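Just below is one structure, and these are the notes that go with it.
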Amino acid sequence: MQSTITSGQLHEEQPYSTGPIKELSQEEKLALLAAIVESSGDAIISKTLEGIITSWNNTAERIFGYTANEIIGRSIALLIPPERLNEETTIIERLKRGERVEHFETQRLTKDKRLLDISLTISPVKDSKGRIIGASKIARNITEQKEAERGIKENEERLRMAIESTQLGTWEYFPLEGKLIWSEECRKLYGAPKDLELNYSFFSDHVHPDDKELVQEGVSRALDPGGEGNYDIQYRILRYNDKQSRWIRAKGKAFFNAAQQADRFIGTVVDINDEKLREQELKDSVELFTVMANNVPAMIWMSGNDKFHDYFNNTWLEFTGRNVEQEKNEGWLQSVHPEDAPRCLERFSKALEEQVGFYSEYRLKRYDGEYRWVADNTVSRYNPTGEFAGFISACIDIDDQKRFNEKIKESELLLKNISNASPVALWMTDTDAQSTFVNETWIEWTGIPLEAHVESGWQECLVEEDRTATSNRFMDALQKKEKFSSEFRIRRVDGEIRWCLSEGYPYYDINNAFAGYAGSVTDITELKKMEQRKDDFIQMASHELKTPITSIKGYVQLLLSIYNEWSDEKLVSASTTVKTSLQTISKQVARLTRLVSELLDLSRIESGKLEMNMVEFDLGALVVETVEDVRHTSAHHIINIHQQDSGTVFGDRDRISQALVNLLTNAIKYSPDADKVDVYVEADNNTLTVRVKDYGIGIDKKDQQKIFDRFYRVEGKSEQTYPGFGIGLFIASEIVQRHNGSLTVESEKGKGAVFSISLPAS
Amino acid sequence: MVDDDPDIGIMIKIMLEYKGYSVMVAERADMIDNILRDNSVDLLIMDMLLSGANGIDVCEELKKDPRTTKLPVIMISAHPNARQISLDAGADDFIAKPFDMHDMFSKIGMLLEKKPGAGIAS
């Protein structure tokens with residue numbers, strides 16, 4: 001064996017120094033040191049700070065298996081298990097600071113990769129100038145020592161467990177003498193001190209009150225000369241020292257003397273407390289499971305790791321109306337609907353093979369013979385060792401739910417079909433105006449799918465000019481949660497522009513929370529065209545009517561003028577009838593003219609073409625003039641003007657006059673039994689008001705707003721006879737509104753009416 | 001008086017003659033020039049719809065022409081928007097068909113009174 005320690009190296013590295021060596025000569029010291037190193041039972045290794053091995057003694061070779069030749073010049077890391085490499089860094093750090101590492105217990109690798117327990121002591125090596133240039137390392141193999149330690153610990157543990165597990169106490173009782181002898185373990189069990197004197201009453205006093213009777217019986221039976229003398233009971237004791245209650249098992253045998261008296265009773269006791277508690281816990285948990293399983297509304301079954309079901313809870317049995325015996329094994333399949341049974345069995349077998357739970361639905365026959373859909377949720381169960389132990393399943397009757405879902409689906413389908421078959425487009429939004437639904441009709445029209453309606457995407461369906469207005473109208477309605485209504489044009493997928501009317505209403509969910517809007521879109525193009533045709537027709541018709549009327553009216557006026565001026569007596573006597581006729585014609589013509597004008601006005605209002613010829617004029621003067629004109633038309637009504645103030649207004653004098661005429665003629669028309677109409681002119685806060693008060697039939701409250709609608713006429717027997725188109729108030733209202741004024745009514749049925757026109761003063 | 005409906009034209013002629021005016025009736029727009037040239041006309045009543053021409057155009061031309069610009073023109077029509085169109089075309093007044101005879105008299109009277117001697121500049 002080659003020593004690797006040379007004088008030079010030693011001189012430089014001096015790995016290990018001890019006091020007494022100093023007394024010797026330098027050479028002796030070296031020789032002695034070399035001998036110590038070589039004979040040391042520890043591996044002595046030196047290394048540079050970089051971890052390169054520079055010396056290696058015999059013991060190092062013996063412990064680690066590398067020869068000095070093999071290892072000198074290689075890294076110390078060779079000996080370090082990979083997971084401990086960071087230890088080396090820490091050690092080097094400490095050495096650099098000049099610290100020693102002592103008895104550091106770790107593990108190192110041998111050449112043949114065995115792990116050794118090693119105790120390391122490492123010291124820095126300094127050169128003559130005191131600089132740290134490396135380290136010496138004494139490594140002691142403590143593997144065996146460690147193993148021995150482990151062995152001792154294991155033995156101790158084993159022994160302790162053995163003692164604990166047996167803890168057998170022995171006892172002897174001499175009934176005739178009343179003497180009781182307990183072994184030390186027996187005393188320990190009862191918590192009785194060594195020197196405490198024992199007797200039978202000590203024993204019985206420390207039996208748990210609930211078990212006293214049992215113990216008494218057990219002892220009596222054992223001591224009964226007629227019996228076998230056997231004794232084996234489990235009971236609780238109350239320990240002497242800590243009053244703790246513990247379960248023990250006592251076994252014994254009684255012996256009898258010739259007189260058939262029990263004279264000796266011997267036996268053992270052992271603590272079975274933990275065992276008992278575990279047993280109790282198990283019992284409790286089984287009981288808990290049973291109670292739970294039988295009281296949950298779910299039907300529960302369990303199977304072992306074979307194919308067979310071996311448990312059904314009460315809910316299951318009550319449902320099927322069968323007993324466990326009937327359901328056990330594959331009996332349950334008889335309750336499954338014949339159409340579903342093969343599938344169920346197949347699914348179950350597959351699950352069993354894969355040992356993975358599953359979900360299935362099948363029809364199960366109820367006690368009353370009705371098949372009900374059940375949802376079966378099966379999960380694997382495992383025994384405490386983690387082995388697959390079978391399945392446990394909870395089943396719920398989902399028949400109602402299933403039928404309900406089917407109904408919902410049916411109704412959804414119905415709704416879908418209806419909505420798609422509808423000639424009207426339908427849409428819905430959420431609370432943020434996002435489209436959530438459009439029917440097929442709408443998609444067919446626009447060619448734009450629902451997905452493309454998000455954000456402002458829906459506006460793409462409209463022609464550009466109508467987008468902003470429609471969007472604004474909708475947002476306004478949404479804000480107020482009011483009805484939405486808008487007319488706009490869409491560009492159909494075929495390029496045709498169509499007029500549409502969309503109306504939508506806020507809708508509320510089942511909790512009455514606002515959920516969005518639902519609405520429709522109707523193609524009103526034809527309607528629009530028809531309206532246009534109607535307007536055209538009316539315009540044409542009234543124009544056509546006017547020519548003959550112009551002629552009739554002109555001639556009648558001319559004739560009347562001529563007649564009035566030629567007061568020849570002959571003519572008078574002959575032509576009274578002619579005059580009356582002419583007057584009637586004139587009156588009828590006036591009426592015809594007014595009707596035609598009204599028709600024309602209606603058409604103009606509807607098309608927004610009612611023209612206004614705005615001038616400044618005196619309202620009071622206009623009232624006087626208008627009243628004057630109307631006075632001639634009624635023979636038995638006196639029209640009184642009560643003018644308090646007057647003022648000027650800026651407006652269409654003829655139109656305002658027309659509105660007044662309409663009010664006045666209505667006042668006369670609807671008060672056939674009265675003989676007067678009162679007209680008031682008032683000024684107040686920049687507002688001029690004309691009130692027309694009649695003493696006629698009045699208007700019911702419920703009708704008071706409707707009377708301003710076009711074509712609306714108060715219904716009822718007595719009103720049927722009033723002539724006219726029923727658009728006078730509509731036109732009057734429209735005219736007044738166009739002047740930023742208001743037309744209002746105050747009335748009660750049977751008590752006349754007051755119509756008021758209020759206009760801003762100019 | 002220019003109107004393509006002779007019934008109306010003649011009726012107005014009768015009315016005005018009864019009132020003491022001297023009236024000439026034309027049915028076609030192209031007859032206007034001759035009437036205006038040969039007679040001392042004080043006032044022209046013209047329907048908006050004329051055979052062969054639009055009364056509004058005729059009115060505009062007359063008002064543009066320095067010789068006839070002062071001639072009072074009353075347009076007459078049954079057309080609903082005719083009033084404004086007529087006034088925009090320079091007409092001095094407008095009568096809506098069917099009209100009130102006395103209203104017509106007063107309009108004519110006012111125009112002739114307002115513009116004594118108005119007529120064709122010779």
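Just so we're on the same page: first chain in the structure tokens is A, next is B, and so on; residues restart at 1 for each chain, and ligands are numbered from 1 in the order they show up.
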Handout entry: Polymer residues at most 12 Å from Asp100 of chain B, only C-alpha atoms, same-chain spacing of 4 or more positions, as an NGL selection string
Key = (:A and (549-558 or 586 or 589-590 or 593)) or (:B and (12 or 15 or 76 or 95-96 or 104-107))
Expected file contents, prior selection, N, CA, C and O atoms, as a short mmCIF file (atom, residue, chain, number, x, y, z; two decimals), in the first residue's frame:
data_model
loop_
_atom_site.label_atom_id
_atom_site.label_comp_id
_atom_site.auth_asym_id
_atom_site.auth_seq_id
_atom_site.Cartn_x
_atom_site.Cartn_y
_atom_site.Cartn_z
N ILE A 549 -118.19 72.07 -57.07
CA ILE A 549 -118.63 72.88 -55.92
C ILE A 549 -118.40 74.35 -56.22
O ILE A 549 -119.26 75.20 -55.94
N THR A 550 -117.22 74.62 -56.79
CA THR A 550 -116.92 76.00 -57.15
C THR A 550 -118.03 76.55 -58.05
O THR A 550 -118.55 77.66 -57.84
N SER A 551 -118.41 75.73 -58.98
CA SER A 551 -119.43 76.14 -59.93
C SER A 551 -120.77 76.35 -59.23
O SER A 551 -121.39 77.41 -59.38
N ILE A 552 -121.18 75.36 -58.46
CA ILE A 552 -122.48 75.45 -57.76
C ILE A 552 -122.49 76.67 -56.86
O ILE A 552 -123.39 77.51 -56.88
N LYS A 553 -121.44 76.76 -56.08
CA LYS A 553 -121.36 77.84 -55.10
C LYS A 553 -121.41 79.20 -55.80
O LYS A 553 -122.15 80.10 -55.38
N GLY A 554 -120.64 79.30 -56.86
CA GLY A 554 -120.58 80.57 -57.58
C GLY A 554 -121.94 80.98 -58.13
O GLY A 554 -122.40 82.11 -57.89
N TYR A 555 -122.56 80.05 -58.78
CA TYR A 555 -123.86 80.38 -59.37
C TYR A 555 -124.90 80.70 -58.31
O TYR A 555 -125.72 81.61 -58.45
N VAL A 556 -124.87 79.92 -57.25
CA VAL A 556 -125.85 80.15 -56.18
C VAL A 556 -125.66 81.55 -55.61
O VAL A 556 -126.62 82.31 -55.43
N GLN A 557 -124.42 81.89 -55.36
CA GLN A 557 -124.15 83.22 -54.79
C GLN A 557 -124.60 84.31 -55.76
O GLN A 557 -125.21 85.31 -55.38
N LEU A 558 -124.29 84.05 -57.04
CA LEU A 558 -124.66 85.03 -58.06
C LEU A 558 -126.16 85.21 -58.11
O LEU A 558 -126.68 86.33 -58.07
N SER A 586 -126.89 76.66 -50.96
CA SER A 586 -125.73 77.42 -50.51
C SER A 586 -125.18 76.83 -49.20
O SER A 586 -123.98 76.66 -49.01
N VAL A 589 -123.66 73.44 -49.76
CA VAL A 589 -122.38 73.60 -50.43
C VAL A 589 -121.30 74.01 -49.42
O VAL A 589 -120.19 73.49 -49.44
N ALA A 590 -121.71 74.91 -48.51
CA ALA A 590 -120.76 75.35 -47.47
C ALA A 590 -120.30 74.14 -46.66
O ALA A 590 -119.12 73.97 -46.34
N THR A 593 -118.07 71.93 -48.70
CA THR A 593 -116.74 72.55 -48.78
C THR A 593 -115.94 72.26 -47.52
O THR A 593 -114.76 71.91 -47.57
N ILE B 12 -117.21 83.16 -63.79
CA ILE B 12 -116.52 84.33 -63.22
C ILE B 12 -116.78 85.57 -64.09
O ILE B 12 -116.99 86.68 -63.58
N MET B 15 -120.19 86.80 -63.19
CA MET B 15 -120.16 87.44 -61.87
C MET B 15 -119.58 88.84 -61.96
O MET B 15 -120.14 89.81 -61.43
N ILE B 76 -105.91 81.49 -59.13
CA ILE B 76 -107.06 80.78 -58.57
C ILE B 76 -106.83 79.29 -58.76
O ILE B 76 -106.33 78.87 -59.81
N ILE B 95 -106.98 83.06 -54.78
CA ILE B 95 -108.35 82.66 -54.43
C ILE B 95 -108.42 81.14 -54.52
O ILE B 95 -108.04 80.54 -55.54
N ALA B 96 -108.86 80.51 -53.39
CA ALA B 96 -108.95 79.05 -53.37
C ALA B 96 -110.32 78.62 -53.86
O ALA B 96 -111.34 79.19 -53.46
N MET B 104 -114.10 87.28 -53.60
CA MET B 104 -113.42 87.58 -54.85
C MET B 104 -113.59 89.06 -55.20
O MET B 104 -112.63 89.74 -55.56
N PHE B 105 -114.83 89.52 -55.03
CA PHE B 105 -115.09 90.94 -55.33
C PHE B 105 -114.17 91.83 -54.49
O PHE B 105 -113.59 92.79 -54.97
N SER B 106 -114.08 91.49 -53.20
CA SER B 106 -113.31 92.38 -52.32
C SER B 106 -111.83 92.34 -52.66
O SER B 106 -111.14 93.35 -52.62
N LYS B 107 -111.32 91.17 -53.06
CA LYS B 107 -109.91 91.08 -53.43
C LYS B 107 -109.61 91.88 -54.67
O LYS B 107 -108.61 92.61 -54.75
#
Exercise for the section: Identify all chain B residues at most 7 Å from chain A by counting only C-alpha atoms; ligands do not count. Present them as a PyMOL selection string. Expected result: chain B and resi 8+15+78-79+97-99+101
Exercise for the section: Write out as a ChimeraX atom specification the residues lying within 12 Å of Asp30 of chain B, counting only C-alpha atoms and excluding same-chain residues fewer than 6 positions away. Expected result: /B:2-4,36,50-55,58
Exercise for the section: Apply DSSP to the structure's backbone, then extract all residues of segment 71-206 of chain A labelled strand (DSSP E or B) and return them as a ChimeraX atom specification. Expected result: /A:75,101-109,115-126,132-141,169-174,179-182
Practice task
From a DSSP calculation on the backbone, collect every residue of segment 46-117 of chain B in helix (DSSP H, G or I) and output the set as a PyMOL selection string.
Solution key: chain B and resi 55-64+82-88+101-114
Fill in the blank from the handout: From atom CA of Ala68 of chain A to atom CA of Glu93 of chain A the spacing works out at 26.1 Å
Problem - Contact residues around Asp93 of chain B with only C-alpha atoms at 12 Å, ignoring same-chain residues under 4 positions, as an MDAnalysis selection string - result: chainID B and resid 43:46 59 71:77 82:89 103:104 106:112
Problem - Residues near Arg84 of chain A, cut-off 12 Å, only C-alpha atoms, skip fewer than 2 positions along chain, as a list in words - result: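 In the requested form, the answer reads Ala77, Leu78, Leu79, Ile80, Pro81, Pro82, Asn86, Glu87, Glu88, Thr89, Thr90, Ile91, Glu105, Thr106, Gln107, Arg108, Leu109 and Leu115 of chain A.
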Practice task
Excluding Ser123 of chain A and residues on its chain fewer than 6 positions from it, collect all residues at most 7 Å away from it, counting only C-alpha atoms, and give them as a ChimeraX atom specification.
Solution key: /A:95,100-101,135-137
So that I have them on file, write out the residues from the current selection with N, CA and C atoms, as a short mmCIF file (atom, residue, chain, number, x, y, z; two decimals), in the first residue's frame.
data_model
loop_
_atom_site.label_atom_id
_atom_site.label_comp_id
_atom_site.auth_asym_id
_atom_site.auth_seq_id
_atom_site.Cartn_x
_atom_site.Cartn_y
_atom_site.Cartn_z
N LEU A 95 -14.69 26.76 5.97
CA LEU A 95 -13.24 26.62 6.02
C LEU A 95 -12.57 27.93 5.64
N ARG A 100 -13.52 25.30 11.91
CA ARG A 100 -13.45 23.84 11.82
C ARG A 100 -14.86 23.28 11.75
N VAL A 101 -14.94 22.12 11.10
CA VAL A 101 -16.24 21.43 11.10
C VAL A 101 -16.01 20.15 11.87
N ALA A 135 -7.77 21.83 2.98
CA ALA A 135 -8.43 21.32 4.16
C ALA A 135 -8.00 19.89 4.39
N SER A 136 -7.97 19.53 5.67
CA SER A 136 -7.77 18.13 5.97
C SER A 136 -9.08 17.61 6.49
N LYS A 137 -9.30 16.36 6.18
CA LYS A 137 -10.62 15.83 6.48
C LYS A 137 -10.43 14.49 7.15
#
Handout entry: Top pick for closest residue to Met31 of chain B, considering B:Lys70, B:Met1, B:Glu113, B:Glu61 and counting only C-alpha atoms
Key = B:Met1
Please identify all polymer residues within 8 Å of Ser46 of chain A, counting only C-alpha atoms, omitting same-chain residues fewer than 3 positions from it, and present them as a compact mmCIF listing (two decimals) with N, CA, C and O atoms, in the first residue's frame.
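Final output, result15.txt:
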# COMPACT_ATOMS: atom_id res chain seq x y z
N GLU A 13 0.77 21.14 4.36
CA GLU A 13 -0.67 21.04 4.69
C GLU A 13 -0.95 20.73 6.15
O GLU A 13 -1.97 21.15 6.69
N PRO A 15 -2.11 18.35 8.20
CA PRO A 15 -3.55 18.18 8.38
C PRO A 15 -3.98 18.02 9.82
O PRO A 15 -5.09 18.36 10.17
N ILE A 53 -8.56 16.40 -4.34
CA ILE A 53 -7.96 15.57 -3.30
C ILE A 53 -6.43 15.56 -3.47
O ILE A 53 -5.92 15.35 -4.56
N THR A 54 -5.73 15.82 -2.34
CA THR A 54 -4.26 15.86 -2.42
C THR A 54 -3.60 14.76 -1.59
O THR A 54 -2.43 14.46 -1.78
N SER A 55 -4.29 14.19 -0.60
CA SER A 55 -3.73 13.04 0.10
C SER A 55 -4.83 12.09 0.50
O SER A 55 -6.00 12.50 0.62
N TRP A 56 -4.49 10.84 0.76
CA TRP A 56 -5.49 9.77 0.87
C TRP A 56 -4.83 8.65 1.64
O TRP A 56 -3.88 8.04 1.16
N GLY A 134 -6.17 24.89 1.85
CA GLY A 134 -6.84 23.62 1.64
C GLY A 134 -7.49 23.15 2.93
O GLY A 134 -7.69 23.94 3.84
N ALA A 135 -7.77 21.83 2.98
CA ALA A 135 -8.43 21.32 4.16
C ALA A 135 -8.00 19.89 4.39
O ALA A 135 -7.70 19.16 3.45
N SER A 136 -7.97 19.53 5.67
CA SER A 136 -7.77 18.13 5.97
C SER A 136 -9.08 17.61 6.49
O SER A 136 -9.84 18.32 7.15
N LYS A 137 -9.30 16.36 6.18
CA LYS A 137 -10.62 15.83 6.48
C LYS A 137 -10.43 14.49 7.15
O LYS A 137 -9.70 13.62 6.63
